[in-house]
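All remarks here apply to the structure that follows.
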Amino acid sequence: GSSAWVKSSESESGWELAEVLSRCGSSVTIRTKTHEGTDKLRVIDLDSQHNSVCLPANEELAMDMTELHFTHEPAIIHNLRSRAEAKEPYTFIGSVLVSINPLQRVPEPADFEIYPHPRTMAERAYNKMEFARSQLVNAGEDPVNVAKALKEFGPINQSILISGESGSGKTESAKRVLIHLVDRQEYDEFTLEARPDLYDFQEKIIGS
């Protein structure tokens with residue numbers, strides 16, 4: 001049968017994965033596993049007001065949860081937890097990066113333009129900033145062209161908001177973002193004079 005998420009008072013997340021065996025009207029027969037590994041059969045009445053939720057499960061994990069076929073609460077929890085257990089603590093939700101503090105160092109991705117990581121967010125912001133700036137440079141000093149470029153491509157400035165509970169890894173995420181932006185200046189001809197100050201700033205970030 002297919003897999004589904006059902007409410008559970010025994011699970012830390014409040015959900016457990018079940019196998020759907022049959023359905024007759026609003027009654028669904030499911031099979032779950034106990035902590036001892038034995039099968040447990042349950043019948044859920046979908047019309048009932050008590051623990052009547054039975055949500056379909058995704059077949060695969062996704063590094064961007066907008067690609068999940070089902071995006072309900074247990075699907076999101078399962079995707080984040082499974083990726084974190086596989087030492088992939090970063091997951092996209094569109095343009096948002098969700099981080100599960102791994103409490104240890106994890107390998108950085110080979111491509112900062114594809115894989116979810118704080119440095120990927122920094123790279124995206126940097127690229128948008130550089131693209132907008134190049135359009136303004138091409139616009140020259142003509143105020144009409146400058147206004148048109150600003151309207152079409154947006155302002156040069158970019159912002160990255162990092163939020164979370166205490167101990168969630170905000171400081172380390174901020175370090176990764178700032179270090180990547182400082183490293184990126186190596187190839188930026190417009191900030192050559194500022195580079196010594198940026199590297200000094202980077203050393204302070206790493207040492208903090």
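To be explicit about the labels: the chains of the structure tokens are called A, B, and onward in the order shown, and within each one the residues are counted from 1, while ligands get numbers from 1 in the order they are shown.
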- Message: Excluding range 77-83 of chain A and its own-chain neighbours fewer than 4 positions away, which residues fall within 8 Å of it when counting only C-alpha atoms? Please give them as a ChimeraX atom specification.
- Response: /A:13,61-62,65,73,87-91,100
- Of the candidates A:Ala122, A:Ser168, A:Ser8, A:Leu103, which one gets nearest to Asp183 in chain A if we count only C-alpha atoms?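 Using only C-alpha atoms, the shortest distance to Asp183 in chain A belongs to A:Ala122.
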- Task: Mind listing the helix (DSSP H, G or I) residues of range 115-158 of chain A, per DSSP on the backbone, as a PyMOL selection string?
- Result: chain A and resi 118-139+143-153
So that I have them on file, write out the residues from the current selection with C-alpha atoms, as a CSV table (one decimal), in the first residue's frame.
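And here's selection-v4.csv as it stands now:
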```csv
chain,number,residue,atom,x,y,z
A,118,PRO,CA,24.7,30.2,3.7
A,119,ARG,CA,27.4,30.9,1.2
A,120,THR,CA,25.0,30.1,-1.6
A,121,MET,CA,22.7,32.8,-0.3
A,122,ALA,CA,25.6,35.2,-0.2
A,123,GLU,CA,26.6,34.3,-3.7
A,124,ARG,CA,23.1,34.9,-5.0
A,125,ALA,CA,22.8,38.3,-3.3
A,126,TYR,CA,26.3,39.3,-4.6
A,127,ASN,CA,25.3,38.3,-8.2
A,128,LYS,CA,22.1,40.3,-8.0
A,129,MET,CA,24.0,43.3,-6.7
A,130,GLU,CA,26.7,43.0,-9.4
A,131,PHE,CA,24.1,42.6,-12.1
A,132,ALA,CA,22.2,45.7,-11.0
A,133,ARG,CA,25.4,47.7,-10.7
A,134,SER,CA,26.5,46.7,-14.2
A,135,GLN,CA,23.1,47.9,-15.6
A,136,LEU,CA,23.6,51.2,-13.8
A,137,VAL,CA,27.1,51.6,-15.2
A,138,ASN,CA,25.8,50.9,-18.7
A,139,ALA,CA,23.1,53.5,-18.2
A,143,PRO,CA,19.0,60.3,-15.5
A,144,VAL,CA,16.3,58.8,-17.7
A,145,ASN,CA,18.4,55.7,-18.4
A,146,VAL,CA,19.4,55.5,-14.7
A,147,ALA,CA,15.8,55.7,-13.6
A,148,LYS,CA,14.8,53.0,-16.1
A,149,ALA,CA,17.6,50.7,-14.9
A,150,LEU,CA,16.6,51.2,-11.3
A,151,LYS,CA,13.0,50.4,-12.1
A,152,GLU,CA,13.7,47.3,-14.2
A,153,PHE,CA,16.6,45.8,-12.2
```
- Message: For Arg42 in chain A, find every residue with an atom within 12 Å (counting only C-alpha atoms), except residues of its own chain fewer than 4 positions away, and show them as a ChimeraX atom specification.
- Response: /A:6-8,18-23,27-34,51-52,54
- Note on the structure: Counting only C-alpha atoms, closest pick from A:Asn101, A:Ser3, A:Thr71, A:Ser26 relative to Ile44 in chain A is A:Ser26
